[in-house]
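K.L.:
Would you mind keeping the following structure in view while I ask a few things?
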Amino acid sequence: MVCPDCKVKQLTEALDLAADYDTILIKKGIYSSVNTEIKKQVVIMGENYPIIDGQEKDEVLVVKADNVTLSGLWVKNSKRGSMKDYAGIRVVDSRNVKIINCKLENTFFGIYLANSKNCLISGNHSKGANYGKSDTGNGVQLWKCDSITIENNHMEGHRDGIYFEFAHFCLIEKNLCEKNFRYGLHFMFSDSDIYRQNTFQNNGTGVAVMYTKNVEMYDNIFRNNWGDAAYGLLLKDISNSIIERNTFTNNTVGVTMEGSNRITFSKNNFASNGYALKVMANCIGDTFMYNNFTANTFDAATNGELRENSFKYNYWDKYEGYDLNRDKIGDIPFRPVSLYSMIIEQMPYAVMLLRSFTVEILNRAEKSIPGIVPETFQDYEPMMKPNVL
Amino acid sequence: MFKIAKYVMYDILRSKVLIAYSLFLLLVSFSLFSMEENSSKSLISLMSVVMIIVPLVSIIFSTTYFYNAYQFIELLVAQPISRSSILLGEFLGVSVSLLTALLIGVGIPVLIYAPDSTGFVLMISGFALTLSFISLAFFSSVAMRDKAKGIGMSLMLWFYFSVIYDGLVLGILFSFNEYPLEKAVIALASFNPIDLGRIIILMKMDISALMGLTGAVYKQFFGSSFGIIYSLSIMLMWIITPLLIALRIFKKKNL
Amino acid sequence: MIRTERLEKSFGKLHVLKGIDVEFKAGQVVSVIGHNGSGKTTLIKCILGMVLADKGNIYVDEKSIAGDFRYRENIGYMPQIGHYPENMKIGQIFRMMKDLRKNADVLDESLMEEYKLSELFEKPMHALSGGTTQKVSASLAFLFNPKVLILDEPTAGLDPLAAEILKTKIIEAKSKGKLVIITSHIMSEVEEMADTVMYLYEGKVNFYNSVTELKKQTGEEKVGKAIAKIMKESAHV
């Protein structure tokens, strides 16, 4: 038991006194904690969110033991800087660590797990230090981790909301990442992770995931990511992955794909984006099925002929074909790439003519006598009505 | 002037053409809104209609009206009324009539289905386009004595601003693609009321697409308060200038 | 009353008026005659301010009309073919004209009454016959009791009865000391109404004198023949 009026007044004292498997209860109050190392397998519980203050001197809490649980703490004021990734809560080389319902404020990095396994990060809220892009770290960062569950967290105002490098077999569920300066979610070399029911919104450049395979994304929402180079989701060198039942709305670009192979997009909803899809010609073997595309300025853009990508059973609101045999599938293919979107790729200033009559004429002329738009970018079996997602 | 406008209005408001125009717009607007569940998508389609139909009808209707009212104008000229009052009165009358038609045909459906800022901007833009194309119509009517030539000229003006100009812009952008064209593009947009009107609406509508690399330039300029003032004043120029030229010609014209 | 000074007007290469110096006085009924293209209509339109002269001046009551429009308060004009807003009714036209010209102290609605136009007030203009339209035009010209009446082919298209009413009205106007300028092709009418004849030939005043003088000079009894004689003479010059 730690509290300002108790016998044990500081967390560090309590840690010195504690043995493995003990529980430390911290009552409401302000406790300074500069680089406090937790080396015993203890449970630290906060009551009414006691403030654990790093005083901007170093990291705040560092967990270096297995089976540690931190809960109900209000961790504040880590040091900032480029020398070291100062974190609010750092977990190093540990297993079965649980960080539950903590608040993190003005910390350079929020929760940083390095070389750890089987951990749970749940119900935390981290508000990054709003000192501009270069001067803030990530909300949750995983480095060389395995089997981590990250759920119900709220990350805002960081550089990246969630950042992984070499994190495998993780489950990321029901998190909300918003208003981060760079990405809501960003990972590299992190195979076999599952992302479910997360919301990524209003981030500087959306979500970017790179150099990874076996990614599964279900029921996530990517929205309101606007900017020069913003996208709902950027897939760069991603392979063998499944992206299903996600919603992409109001993004400059819904999904950008570069060098990404064998990805299955199904039952996603693309609505009111600038571009729903930007698929670069170096993407091979991807499948797009049962997606809905509505009210996007452009449904798709590309920079060349696509190879072995298949589009099937998608609903495109710009489709103007007919269904004579009444099988609910349009009888003529749909080409989601318009001539004008090709023109804009070449001459960005032509955006001035967006939605003009002339452009409309050009697009229609191209549709009746295709010449420039990639022949392979076609949905051969477009749906007449929106798919039920 | 206002009296003449009153009688012109009275004359036009009962003509079948104007009623047909209002009903047509009403029909188009309602069907667009009821076809789509998403009102923003209907607004997009409605915008395309407004950008083509409104200038066309405005310019052709006004030109035809002017020629049909030619003898009436002659009669007025023989009355103790100054010529500027006559022309401005005619302009005012035609304007109020066509704006009323637009207000009924597009305004009401927008008010019902999409009473937001985008709908509002669409109406403003539609109004401005109506006025500037009436102004252009008066210019060609006054400049050309012959009715067929006048209507021909009006059609050409419409075709130029709707299609040819944008084609030229594409050509220019294509030729100078290597150069920084931010300012040039803004200037290019200013020289065509239709482009200007459309961009004003798009600022509200396609923000996500316009936020792309070059879109940002537009957003920065046309989205800023300076840009809004700028585009509105250029629009105003497009209304006033042709009318002033028409007035100068009309004052010296032999009827 | 109305005086023109070296009035010249060209339409492109066509030199229509080649220096017209003429004065019309109150109480006169002047018949302007001439071939088609002799400049009759142009002269009238110049006086009405519908056509702006290239050179020369026009004075109404000794005031130049250049840049002025109020002088037209004194003029009633009946065009050869009147065109009115199609969707308006006769009554509305009259109301409108009264509304637009507030200067009339005493309205002269006698012609309107004699033509029984008030019975047709609810008829729209586009449903009217040419004759009725002319009745409207004539009534409007006289409506404001102007000092000057300019009537372009006034009886063309009117039925004999209506034409007769109009003629009476013109003669009455003369007796009230008004100036009436008429263009007409019908010589019998000229004889009946006009006391002065002005003959325009190729943009110049060929003859401008009273009817009595005309008859005397040509030695003809009938105005028609007298004029024909003048026309022939001028053509030979």
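A note on labels: chains of the structure tokens are A, B, ... as shown, every chain counts residues from 1, and ligands are counted from 1 in their shown order.
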Check the DSSP output for the backbone and give back, as a list in words, the residues of segment 147-232 of chain C in strand (DSSP E).
P.N.:
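Secondary structure check on segment 147-232 of chain C, strand (DSSP E): Val148, Leu149, Ile150, Leu151, Asp152, Leu179, Val180, Ile181, Ile182, Thr183, Thr196, Val197, Met198, Tyr199, Leu200, Tyr201, Lys204, Val205, Asn206, Phe207, Tyr208, Asn209 and Ser210 of chain C.
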K.L.:
Which neighbours of Ala137 of chain B fall inside 12 Å, counting only C-alpha atoms, when residues of the same chain fewer than 2 positions from it are skipped, and could you give them as a count of residues only?
P.N.:
47
K.L.:
When you get a sec, could you note down which chain A residues fall within 9 Å of chain B, using only C-alpha atoms, as a ChimeraX atom specification?
P.N.:
/A:224-230,250-253,272-275,294-298,346-359,361
K.L.:
Can I get the selection written as a short mmCIF file (atom, residue, chain, number, x, y, z; two decimals), in the first residue's frame, with C-alpha atoms?
P.N.:
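Result went into part-v4.cif, see below:
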```cif
data_model
loop_
_atom_site.label_atom_id
_atom_site.label_comp_id
_atom_site.auth_asym_id
_atom_site.auth_seq_id
_atom_site.Cartn_x
_atom_site.Cartn_y
_atom_site.Cartn_z
CA ASN A 224 -11.09 11.16 -42.59
CA ASN A 225 -7.44 10.87 -43.45
CA TRP A 226 -6.83 13.89 -45.62
CA GLY A 227 -3.69 15.40 -46.97
CA ASP A 228 -1.15 15.65 -49.71
CA ALA A 229 -0.02 12.07 -49.30
CA ALA A 230 -2.73 10.71 -47.09
CA ASN A 250 -13.56 10.27 -46.61
CA ASN A 251 -9.92 9.57 -47.27
CA THR A 252 -7.84 11.29 -49.91
CA VAL A 253 -7.00 7.78 -51.07
CA SER A 272 -16.69 9.17 -50.41
CA ASN A 273 -12.96 8.88 -50.92
CA GLY A 274 -10.96 10.99 -53.37
CA TYR A 275 -9.62 7.77 -54.85
CA THR A 294 -19.87 4.46 -53.69
CA ALA A 295 -19.57 8.22 -54.00
CA ASN A 296 -15.84 8.17 -54.56
CA THR A 297 -14.48 10.91 -56.78
CA PHE A 298 -12.41 8.28 -58.55
CA GLN A 346 0.27 12.58 -65.69
CA MET A 347 -0.77 16.21 -65.27
CA PRO A 348 -1.78 16.87 -61.69
CA TYR A 349 -2.90 20.40 -62.45
CA ALA A 350 -5.70 19.03 -64.57
CA VAL A 351 -7.54 18.51 -61.31
CA MET A 352 -8.86 21.97 -62.10
CA LEU A 353 -11.20 20.36 -64.61
CA LEU A 354 -12.61 17.87 -62.13
CA ARG A 355 -16.27 17.16 -62.91
CA SER A 356 -16.33 19.42 -65.92
CA PHE A 357 -18.42 18.66 -68.96
CA THR A 358 -15.34 18.30 -71.11
CA VAL A 359 -13.89 15.68 -68.83
CA ILE A 361 -17.12 13.81 -72.63
#
```
K.L.:
As a list in words, could you give me every residue of chain C near chain B (at most 8 Å apart, counting only C-alpha atoms)?
P.N.:
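The complete set of qualifying residues is Lys45, Leu48, Gly49, Met50, Val51, Leu52, Asp68, Phe69, Arg70, Tyr71, Arg72, Glu73, Ile75, Gly76, Tyr77, Pro79, Gly82, His83, Tyr84, Pro85, Glu86, Asn87, Met88, Met96, Asp99, Leu100 and Arg101 of chain C.
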K.L.:
Those residues you just picked out, can you put them in a file as a PDB file, in the first residue's frame with N, CA and C atoms?
P.N.:
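Contents of the output file out-v7.pdb:
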```pdb
ATOM      1  N   LYS C  45     -37.336  58.017 -86.874  1.00  0.00           N
ATOM      2  CA  LYS C  45     -36.624  57.355 -85.776  1.00  0.00           C
ATOM      3  C   LYS C  45     -35.569  58.273 -85.174  1.00  0.00           C
ATOM      4  N   LEU C  48     -37.371  60.446 -82.855  1.00  0.00           N
ATOM      5  CA  LEU C  48     -37.764  59.705 -81.669  1.00  0.00           C
ATOM      6  C   LEU C  48     -36.583  59.267 -80.823  1.00  0.00           C
ATOM      7  N   GLY C  49     -35.383  59.487 -81.356  1.00  0.00           N
ATOM      8  CA  GLY C  49     -34.201  59.071 -80.608  1.00  0.00           C
ATOM      9  C   GLY C  49     -33.926  57.589 -80.708  1.00  0.00           C
ATOM     10  N   MET C  50     -34.620  56.915 -81.602  1.00  0.00           N
ATOM     11  CA  MET C  50     -34.364  55.481 -81.756  1.00  0.00           C
ATOM     12  C   MET C  50     -33.135  55.252 -82.602  1.00  0.00           C
ATOM     13  N   VAL C  51     -32.882  56.183 -83.516  1.00  0.00           N
ATOM     14  CA  VAL C  51     -31.658  56.141 -84.313  1.00  0.00           C
ATOM     15  C   VAL C  51     -30.881  57.406 -83.985  1.00  0.00           C
ATOM     16  N   LEU C  52     -29.592  57.232 -83.760  1.00  0.00           N
ATOM     17  CA  LEU C  52     -28.769  58.382 -83.424  1.00  0.00           C
ATOM     18  C   LEU C  52     -28.099  58.909 -84.686  1.00  0.00           C
ATOM     19  N   ASP C  68     -30.658  63.345 -74.332  1.00  0.00           N
ATOM     20  CA  ASP C  68     -31.829  63.627 -73.506  1.00  0.00           C
ATOM     21  C   ASP C  68     -32.883  62.565 -73.803  1.00  0.00           C
ATOM     22  N   PHE C  69     -33.748  62.309 -72.869  1.00  0.00           N
ATOM     23  CA  PHE C  69     -34.868  61.418 -73.189  1.00  0.00           C
ATOM     24  C   PHE C  69     -36.191  62.017 -72.730  1.00  0.00           C
ATOM     25  N   ARG C  70     -36.110  63.078 -71.918  1.00  0.00           N
ATOM     26  CA  ARG C  70     -37.355  63.602 -71.349  1.00  0.00           C
ATOM     27  C   ARG C  70     -38.225  64.291 -72.403  1.00  0.00           C
ATOM     28  N   TYR C  71     -37.567  64.812 -73.465  1.00  0.00           N
ATOM     29  CA  TYR C  71     -38.345  65.494 -74.506  1.00  0.00           C
ATOM     30  C   TYR C  71     -39.418  64.580 -75.082  1.00  0.00           C
ATOM     31  N   ARG C  72     -39.221  63.288 -74.957  1.00  0.00           N
ATOM     32  CA  ARG C  72     -40.179  62.344 -75.537  1.00  0.00           C
ATOM     33  C   ARG C  72     -41.499  62.332 -74.764  1.00  0.00           C
ATOM     34  N   GLU C  73     -41.488  63.000 -73.607  1.00  0.00           N
ATOM     35  CA  GLU C  73     -42.750  63.131 -72.894  1.00  0.00           C
ATOM     36  C   GLU C  73     -43.791  63.867 -73.744  1.00  0.00           C
ATOM     37  N   ILE C  75     -44.069  63.509 -76.989  1.00  0.00           N
ATOM     38  CA  ILE C  75     -44.297  62.831 -78.262  1.00  0.00           C
ATOM     39  C   ILE C  75     -45.116  61.568 -78.052  1.00  0.00           C
ATOM     40  N   GLY C  76     -46.098  61.389 -78.918  1.00  0.00           N
ATOM     41  CA  GLY C  76     -46.811  60.134 -78.963  1.00  0.00           C
ATOM     42  C   GLY C  76     -46.464  59.437 -80.266  1.00  0.00           C
ATOM     43  N   TYR C  77     -46.107  58.173 -80.178  1.00  0.00           N
ATOM     44  CA  TYR C  77     -45.615  57.483 -81.377  1.00  0.00           C
ATOM     45  C   TYR C  77     -46.453  56.238 -81.620  1.00  0.00           C
ATOM     46  N   PRO C  79     -46.189  53.031 -83.947  1.00  0.00           N
ATOM     47  CA  PRO C  79     -45.334  52.346 -84.935  1.00  0.00           C
ATOM     48  C   PRO C  79     -46.176  51.689 -86.025  1.00  0.00           C
ATOM     49  N   GLY C  82     -47.018  47.299 -84.301  1.00  0.00           N
ATOM     50  CA  GLY C  82     -46.704  47.312 -82.882  1.00  0.00           C
ATOM     51  C   GLY C  82     -46.487  45.903 -82.356  1.00  0.00           C
ATOM     52  N   HIS C  83     -45.433  45.759 -81.576  1.00  0.00           N
ATOM     53  CA  HIS C  83     -45.220  44.465 -80.921  1.00  0.00           C
ATOM     54  C   HIS C  83     -45.189  44.713 -79.430  1.00  0.00           C
ATOM     55  N   TYR C  84     -45.913  43.886 -78.722  1.00  0.00           N
ATOM     56  CA  TYR C  84     -46.006  44.070 -77.274  1.00  0.00           C
ATOM     57  C   TYR C  84     -45.683  42.750 -76.604  1.00  0.00           C
ATOM     58  N   PRO C  85     -45.319  42.818 -75.321  1.00  0.00           N
ATOM     59  CA  PRO C  85     -45.045  41.561 -74.616  1.00  0.00           C
ATOM     60  C   PRO C  85     -46.215  40.597 -74.772  1.00  0.00           C
ATOM     61  N   GLU C  86     -45.884  39.418 -75.254  1.00  0.00           N
ATOM     62  CA  GLU C  86     -46.932  38.474 -75.658  1.00  0.00           C
ATOM     63  C   GLU C  86     -47.860  38.043 -74.542  1.00  0.00           C
ATOM     64  N   ASN C  87     -47.288  37.887 -73.362  1.00  0.00           N
ATOM     65  CA  ASN C  87     -48.094  37.293 -72.298  1.00  0.00           C
ATOM     66  C   ASN C  87     -48.899  38.306 -71.520  1.00  0.00           C
ATOM     67  N   MET C  88     -48.798  39.576 -71.919  1.00  0.00           N
ATOM     68  CA  MET C  88     -49.559  40.583 -71.188  1.00  0.00           C
ATOM     69  C   MET C  88     -50.911  40.773 -71.829  1.00  0.00           C
ATOM     70  N   MET C  96     -49.493  49.556 -67.805  1.00  0.00           N
ATOM     71  CA  MET C  96     -48.035  49.663 -67.790  1.00  0.00           C
ATOM     72  C   MET C  96     -47.588  50.988 -68.389  1.00  0.00           C
ATOM     73  N   ASP C  99     -48.164  53.686 -66.173  1.00  0.00           N
ATOM     74  CA  ASP C  99     -47.230  53.561 -65.071  1.00  0.00           C
ATOM     75  C   ASP C  99     -45.859  54.107 -65.475  1.00  0.00           C
ATOM     76  N   LEU C 100     -45.447  53.770 -66.699  1.00  0.00           N
ATOM     77  CA  LEU C 100     -44.121  54.178 -67.156  1.00  0.00           C
ATOM     78  C   LEU C 100     -44.065  55.670 -67.482  1.00  0.00           C
ATOM     79  N   ARG C 101     -45.168  56.204 -68.002  1.00  0.00           N
ATOM     80  CA  ARG C 101     -45.195  57.631 -68.347  1.00  0.00           C
ATOM     81  C   ARG C 101     -46.106  58.362 -67.388  1.00  0.00           C
TER      82      ARG C 101
END
```
K.L.:
Find the residues around segment 181-189 of chain C up to 8 Å (only C-alpha atoms counted), leave out those fewer than 2 positions away in its own chain, and share them as a PDB file with C-alpha atoms, in the first residue's frame.
P.N.:
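So selection.pdb came out as:
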```
ATOM      1  CA  VAL C  29     -50.231  68.021 -90.078  1.00  0.00           C
ATOM      2  CA  VAL C  30     -47.202  66.981 -92.067  1.00  0.00           C
ATOM      3  CA  SER C  31     -47.309  64.054 -94.413  1.00  0.00           C
ATOM      4  CA  VAL C  32     -43.881  62.603 -95.037  1.00  0.00           C
ATOM      5  CA  ILE C  33     -43.781  60.788 -98.323  1.00  0.00           C
ATOM      6  CA  LYS C  40     -38.732  58.506 -94.078  1.00  0.00           C
ATOM      7  CA  VAL C 148     -46.421  65.957 -81.051  1.00  0.00           C
ATOM      8  CA  LEU C 149     -47.853  62.861 -82.677  1.00  0.00           C
ATOM      9  CA  ILE C 150     -45.743  60.715 -84.936  1.00  0.00           C
ATOM     10  CA  LEU C 151     -47.764  58.121 -86.780  1.00  0.00           C
ATOM     11  CA  ASP C 152     -46.073  55.580 -89.011  1.00  0.00           C
ATOM     12  CA  GLU C 153     -48.532  54.296 -91.616  1.00  0.00           C
ATOM     13  CA  PRO C 154     -51.397  54.760 -89.173  1.00  0.00           C
ATOM     14  CA  LEU C 179     -48.068  68.856 -84.500  1.00  0.00           C
ATOM     15  CA  GLU C 191     -55.370  64.853 -99.088  1.00  0.00           C
ATOM     16  CA  GLU C 192     -57.865  64.434 -96.295  1.00  0.00           C
ATOM     17  CA  MET C 193     -55.624  65.142 -93.363  1.00  0.00           C
ATOM     18  CA  ALA C 194     -52.358  66.830 -94.235  1.00  0.00           C
ATOM     19  CA  VAL C 223     -52.636  65.878-104.186  1.00  0.00           C
ATOM     20  CA  GLY C 224     -51.940  62.402-105.505  1.00  0.00           C
TER      21      GLY C 224
END
```
K.L.:
Could you check how far atom CA of Asn77 of chain A sits from atom CA of Cys102 of chain A, in Å to one decimal?
P.N.:
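So the answer is 14.0 Å.
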K.L.:
Find the spatial neighbours of Leu166 of chain C, counting only C-alpha atoms, within a cut-off of 9 Å - ignore same-chain residues fewer than 6 positions away - and output them as a PDB file with C-alpha atoms, in the first residue's frame.
P.N.:
```pdb
ATOM      1  CA  LEU C 111     -59.679  56.677 -78.801  1.00  0.00           C
ATOM      2  CA  LYS C 135     -55.927  50.107 -82.412  1.00  0.00           C
ATOM      3  CA  ALA C 138     -53.049  54.316 -81.899  1.00  0.00           C
ATOM      4  CA  PRO C 154     -51.397  54.760 -89.173  1.00  0.00           C
ATOM      5  CA  THR C 155     -54.280  53.390 -91.182  1.00  0.00           C
TER       6      THR C 155
END
```
K.L.:
Could you check how far atom CA of Leu171 of chain A sits from atom CA of Gly157 of chain A, in Å to one decimal?
P.N.:
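If I compute the distance from atom CA of Leu171 of chain A to atom CA of Gly157 of chain A, I get 22.5 Å.
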K.L.:
Just the residues within 9 Å of segment 198-205 of chain A, please, counting only C-alpha atoms, with nothing from its chain fewer than 5 positions along; format it as a VMD selection string.
P.N.:
chain A and resid 151 to 152 156 to 157 159 to 161 172 to 185 218 to 233
